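Here is query21.csv, consisting of CSV, C-alpha atoms:
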```csv
chain,number,residue,atom,x,y,z
A,1,MET,CA,33.4,-5.1,5.0
A,2,THR,CA,31.8,-7.3,7.6
A,3,VAL,CA,30.7,-10.9,7.2
A,4,SER,CA,27.0,-10.0,7.6
A,5,SER,CA,27.2,-7.4,4.8
A,6,LYS,CA,28.6,-10.0,2.5
A,7,VAL,CA,26.0,-12.6,3.2
A,8,LEU,CA,22.9,-10.3,3.8
A,9,ASP,CA,22.0,-7.7,1.3
A,10,GLU,CA,19.4,-4.9,1.2
A,11,ARG,CA,16.6,-7.3,0.1
A,12,PHE,CA,17.0,-9.3,3.3
A,13,TRP,CA,16.8,-6.2,5.5
A,14,ALA,CA,13.8,-4.9,3.5
A,15,PHE,CA,12.0,-8.3,3.8
A,16,ARG,CA,12.9,-8.4,7.6
A,17,GLN,CA,11.4,-4.9,8.1
A,18,ARG,CA,8.2,-5.7,6.2
A,19,SER,CA,7.7,-9.0,8.0
A,20,THR,CA,8.3,-7.5,11.4
A,21,SER,CA,5.9,-4.7,10.7
A,22,ILE,CA,3.2,-7.1,9.5
A,23,ALA,CA,3.7,-9.3,12.5
A,24,GLY,CA,3.4,-6.3,14.8
A,25,ILE,CA,0.2,-5.2,13.2
A,26,ILE,CA,-1.4,-8.7,13.3
A,27,SER,CA,-0.4,-9.0,17.0
A,28,ALA,CA,-2.0,-5.7,17.9
A,29,VAL,CA,-5.2,-6.4,16.0
A,30,LEU,CA,-5.4,-9.8,17.6
A,31,ALA,CA,-5.0,-8.2,21.1
A,32,ILE,CA,-7.8,-5.8,20.3
A,33,VAL,CA,-10.0,-8.5,18.9
A,34,LEU,CA,-9.5,-10.7,22.0
A,35,PHE,CA,-10.3,-7.7,24.2
A,36,GLU,CA,-13.6,-7.1,22.3
A,37,TYR,CA,-14.4,-10.9,22.3
A,38,ARG,CA,-13.9,-11.2,26.1
A,39,LEU,CA,-15.9,-8.0,26.7
A,40,ILE,CA,-18.8,-9.1,24.5
A,41,VAL,CA,-19.0,-12.8,25.3
A,42,ASN,CA,-17.8,-13.0,28.9
A,43,HIS,CA,-18.5,-9.4,30.0
A,44,VAL,CA,-14.9,-9.1,31.4
A,45,TYR,CA,-12.6,-6.2,30.8
A,46,ARG,CA,-9.0,-7.4,30.0
A,47,TRP,CA,-7.1,-4.2,30.3
A,48,ASP,CA,-3.8,-5.9,29.5
A,49,LEU,CA,-5.0,-6.8,26.0
A,50,LEU,CA,-6.4,-3.3,25.4
A,51,ALA,CA,-3.1,-1.8,26.6
A,52,ILE,CA,-1.1,-3.8,24.1
A,53,GLY,CA,-3.3,-2.8,21.2
A,54,VAL,CA,-3.4,0.9,22.2
A,55,THR,CA,0.4,1.0,22.8
A,56,PHE,CA,0.9,-0.4,19.3
A,57,VAL,CA,-1.4,2.2,17.7
A,58,VAL,CA,0.2,5.1,19.6
A,59,VAL,CA,3.8,4.0,18.7
A,60,LYS,CA,2.9,3.3,15.1
A,61,LEU,CA,1.3,6.7,14.7
A,62,ALA,CA,4.1,8.5,16.5
A,63,ILE,CA,6.7,6.9,14.2
A,64,MET,CA,4.7,7.7,11.1
A,65,GLY,CA,4.3,11.3,12.2
A,66,TRP,CA,8.0,11.6,13.1
A,67,SER,CA,9.0,10.1,9.7
A,68,TYR,CA,6.7,12.4,7.8
A,69,LEU,CA,8.0,15.5,9.6
A,70,ARG,CA,11.7,14.4,9.1
A,71,SER,CA,11.3,13.9,5.3
```
Could you express the structure from this file as structure tokens?
Amino acid sequence: MTVSSKVLDERFWAFRQRSTSIAGIISAVLAIVLFEYRLIVNHVYRWDLLAIGVTFVVVKLAIMGWSYLRS
């Protein structure tokens, strides 16, 4: 039994997974919102912001599909 398994239980890992997922979703939404804001207000395309948002959406859907097919 390792030290980390004695100190950190399943609740910690579940909380860490949920908080990381929420942080990722918020970051992707913020990137897309910033892309839209700069497009509408400044009429400037920021492809890096769009790429971050689209990458998140593609990865999230791929993992959800993979998890669904594996279960």
Report summary line: Restricting to all atoms listed in the file, whichever of A:Ile22, A:Ala28, A:Leu39, A:Ala14 is closest to A:Phe56 is A:Ala28
Report task. Would you work out the distance separating atom CA of A:Arg38 from atom CA of A:Thr55, expressed in Å to one decimal? Result ->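 Those two atoms sit 19.1 Å apart.
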Query raised in the report: Using all atoms listed in the file, which of A:Leu30, A:Val41, A:Ile25, A:Leu69 sits nearest A:Val57?
Result: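 Residue with the minimum atom-to-atom distance to A:Val57: A:Ile25.
For A:Tyr45, the residues within 12 Å (counting only C-alpha atoms, excluding itself and residues fewer than 6 positions away along the chain) are Ile32, Leu34, Phe35, Glu36, Tyr37, Arg38, Leu39 and Ala51 of chain A.
Between A:Gly24 and the residues A:Lys60, A:Asn42, A:Leu50, A:Asp9, the shortest atom-to-atom distance, using only C-alpha atoms, involves A:Lys60.
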Query raised in the report: What does the distance from atom CA of A:Ala23 to atom CA of A:Ile52 come to in Å, to one decimal?
Result: 13.7 Å
Requested in this report: Point out the residue among A:Arg16, A:Arg70, A:Arg11, A:Arg46 with the least atom-to-atom distance to A:Ala31, counting all atoms listed in the file.
Outcome: A:Arg46
Query raised in the report: To one decimal place, how far is atom CA of A:Val29 from atom CA of A:Phe12 in Å?
Result: 25.7 Å
File output for stretch 23-65 of chain A (N, CA and C atoms) as a short mmCIF file (atom, residue, chain, number, x, y, z; two decimals), in the first residue's frame:
```cif
data_model
loop_
_atom_site.label_atom_id
_atom_site.label_comp_id
_atom_site.auth_asym_id
_atom_site.auth_seq_id
_atom_site.Cartn_x
_atom_site.Cartn_y
_atom_site.Cartn_z
N ALA A 23 -13.33 22.63 -15.14
CA ALA A 23 -12.36 23.66 -15.53
C ALA A 23 -12.10 23.61 -17.04
N GLY A 24 -12.02 22.42 -17.61
CA GLY A 24 -11.81 22.29 -19.04
C GLY A 24 -12.98 22.82 -19.84
N ILE A 25 -14.18 22.51 -19.39
CA ILE A 25 -15.38 23.00 -20.09
C ILE A 25 -15.44 24.52 -20.03
N ILE A 26 -15.20 25.09 -18.87
CA ILE A 26 -15.25 26.54 -18.73
C ILE A 26 -14.18 27.21 -19.60
N SER A 27 -13.00 26.64 -19.65
CA SER A 27 -11.92 27.20 -20.47
C SER A 27 -12.28 27.16 -21.96
N ALA A 28 -12.86 26.06 -22.41
CA ALA A 28 -13.24 25.96 -23.82
C ALA A 28 -14.36 26.93 -24.16
N VAL A 29 -15.34 27.04 -23.28
CA VAL A 29 -16.43 27.99 -23.52
C VAL A 29 -15.89 29.42 -23.54
N LEU A 30 -14.98 29.74 -22.65
CA LEU A 30 -14.38 31.07 -22.63
C LEU A 30 -13.61 31.35 -23.92
N ALA A 31 -12.89 30.37 -24.43
CA ALA A 31 -12.16 30.56 -25.69
C ALA A 31 -13.13 30.83 -26.84
N ILE A 32 -14.23 30.10 -26.89
CA ILE A 32 -15.21 30.31 -27.96
C ILE A 32 -15.89 31.66 -27.81
N VAL A 33 -16.23 32.03 -26.57
CA VAL A 33 -16.86 33.33 -26.34
C VAL A 33 -15.91 34.47 -26.71
N LEU A 34 -14.64 34.35 -26.37
CA LEU A 34 -13.67 35.38 -26.76
C LEU A 34 -13.51 35.46 -28.28
N PHE A 35 -13.53 34.31 -28.95
CA PHE A 35 -13.47 34.31 -30.41
C PHE A 35 -14.65 35.08 -30.98
N GLU A 36 -15.85 34.76 -30.49
CA GLU A 36 -17.06 35.44 -30.97
C GLU A 36 -17.03 36.94 -30.66
N TYR A 37 -16.60 37.30 -29.46
CA TYR A 37 -16.54 38.70 -29.06
C TYR A 37 -15.60 39.48 -29.98
N ARG A 38 -14.40 38.93 -30.20
CA ARG A 38 -13.44 39.64 -31.06
C ARG A 38 -13.92 39.70 -32.49
N LEU A 39 -14.65 38.70 -32.93
CA LEU A 39 -15.19 38.71 -34.28
C LEU A 39 -16.29 39.76 -34.42
N ILE A 40 -17.19 39.81 -33.46
CA ILE A 40 -18.33 40.74 -33.54
C ILE A 40 -17.89 42.17 -33.28
N VAL A 41 -17.10 42.41 -32.25
CA VAL A 41 -16.74 43.77 -31.86
C VAL A 41 -15.61 44.34 -32.72
N ASN A 42 -14.53 43.57 -32.87
CA ASN A 42 -13.35 44.08 -33.57
C ASN A 42 -13.26 43.63 -35.03
N HIS A 43 -14.13 42.73 -35.45
CA HIS A 43 -14.10 42.17 -36.80
C HIS A 43 -12.75 41.54 -37.11
N VAL A 44 -12.22 40.81 -36.12
CA VAL A 44 -10.93 40.15 -36.26
C VAL A 44 -11.13 38.66 -35.95
N TYR A 45 -10.62 37.82 -36.83
CA TYR A 45 -10.66 36.37 -36.60
C TYR A 45 -9.45 35.97 -35.77
N ARG A 46 -9.69 35.37 -34.61
CA ARG A 46 -8.60 34.83 -33.79
C ARG A 46 -8.69 33.32 -33.87
N TRP A 47 -7.98 32.76 -34.84
CA TRP A 47 -8.08 31.33 -35.12
C TRP A 47 -7.54 30.48 -33.97
N ASP A 48 -6.61 31.04 -33.19
CA ASP A 48 -6.08 30.26 -32.07
C ASP A 48 -7.16 30.00 -31.02
N LEU A 49 -8.01 30.98 -30.75
CA LEU A 49 -9.09 30.80 -29.79
C LEU A 49 -10.12 29.78 -30.30
N LEU A 50 -10.42 29.88 -31.58
CA LEU A 50 -11.36 28.92 -32.15
C LEU A 50 -10.78 27.51 -32.14
N ALA A 51 -9.50 27.39 -32.41
CA ALA A 51 -8.85 26.07 -32.42
C ALA A 51 -8.89 25.44 -31.03
N ILE A 52 -8.71 26.23 -29.98
CA ILE A 52 -8.77 25.70 -28.62
C ILE A 52 -10.17 25.18 -28.32
N GLY A 53 -11.18 25.96 -28.64
CA GLY A 53 -12.55 25.54 -28.39
C GLY A 53 -12.95 24.31 -29.18
N VAL A 54 -12.61 24.28 -30.46
CA VAL A 54 -12.97 23.15 -31.31
C VAL A 54 -12.22 21.89 -30.88
N THR A 55 -10.96 22.04 -30.50
CA THR A 55 -10.18 20.89 -30.03
C THR A 55 -10.83 20.28 -28.80
N PHE A 56 -11.26 21.11 -27.88
CA PHE A 56 -11.93 20.60 -26.68
C PHE A 56 -13.19 19.84 -27.05
N VAL A 57 -14.00 20.40 -27.92
CA VAL A 57 -15.26 19.76 -28.30
C VAL A 57 -15.00 18.41 -28.97
N VAL A 58 -14.04 18.36 -29.87
CA VAL A 58 -13.72 17.11 -30.57
C VAL A 58 -13.21 16.05 -29.59
N VAL A 59 -12.30 16.44 -28.70
CA VAL A 59 -11.74 15.48 -27.75
C VAL A 59 -12.82 14.99 -26.79
N LYS A 60 -13.64 15.90 -26.29
CA LYS A 60 -14.70 15.52 -25.34
C LYS A 60 -15.69 14.56 -26.00
N LEU A 61 -16.11 14.83 -27.23
CA LEU A 61 -17.05 13.94 -27.91
C LEU A 61 -16.41 12.60 -28.24
N ALA A 62 -15.14 12.61 -28.61
CA ALA A 62 -14.44 11.35 -28.91
C ALA A 62 -14.34 10.48 -27.67
N ILE A 63 -14.01 11.07 -26.54
CA ILE A 63 -13.91 10.30 -25.30
C ILE A 63 -15.28 9.80 -24.85
N MET A 64 -16.30 10.63 -25.00
CA MET A 64 -17.65 10.19 -24.64
C MET A 64 -18.09 9.03 -25.52
N GLY A 65 -17.83 9.11 -26.83
CA GLY A 65 -18.19 8.03 -27.73
C GLY A 65 -17.42 6.76 -27.44
#
```
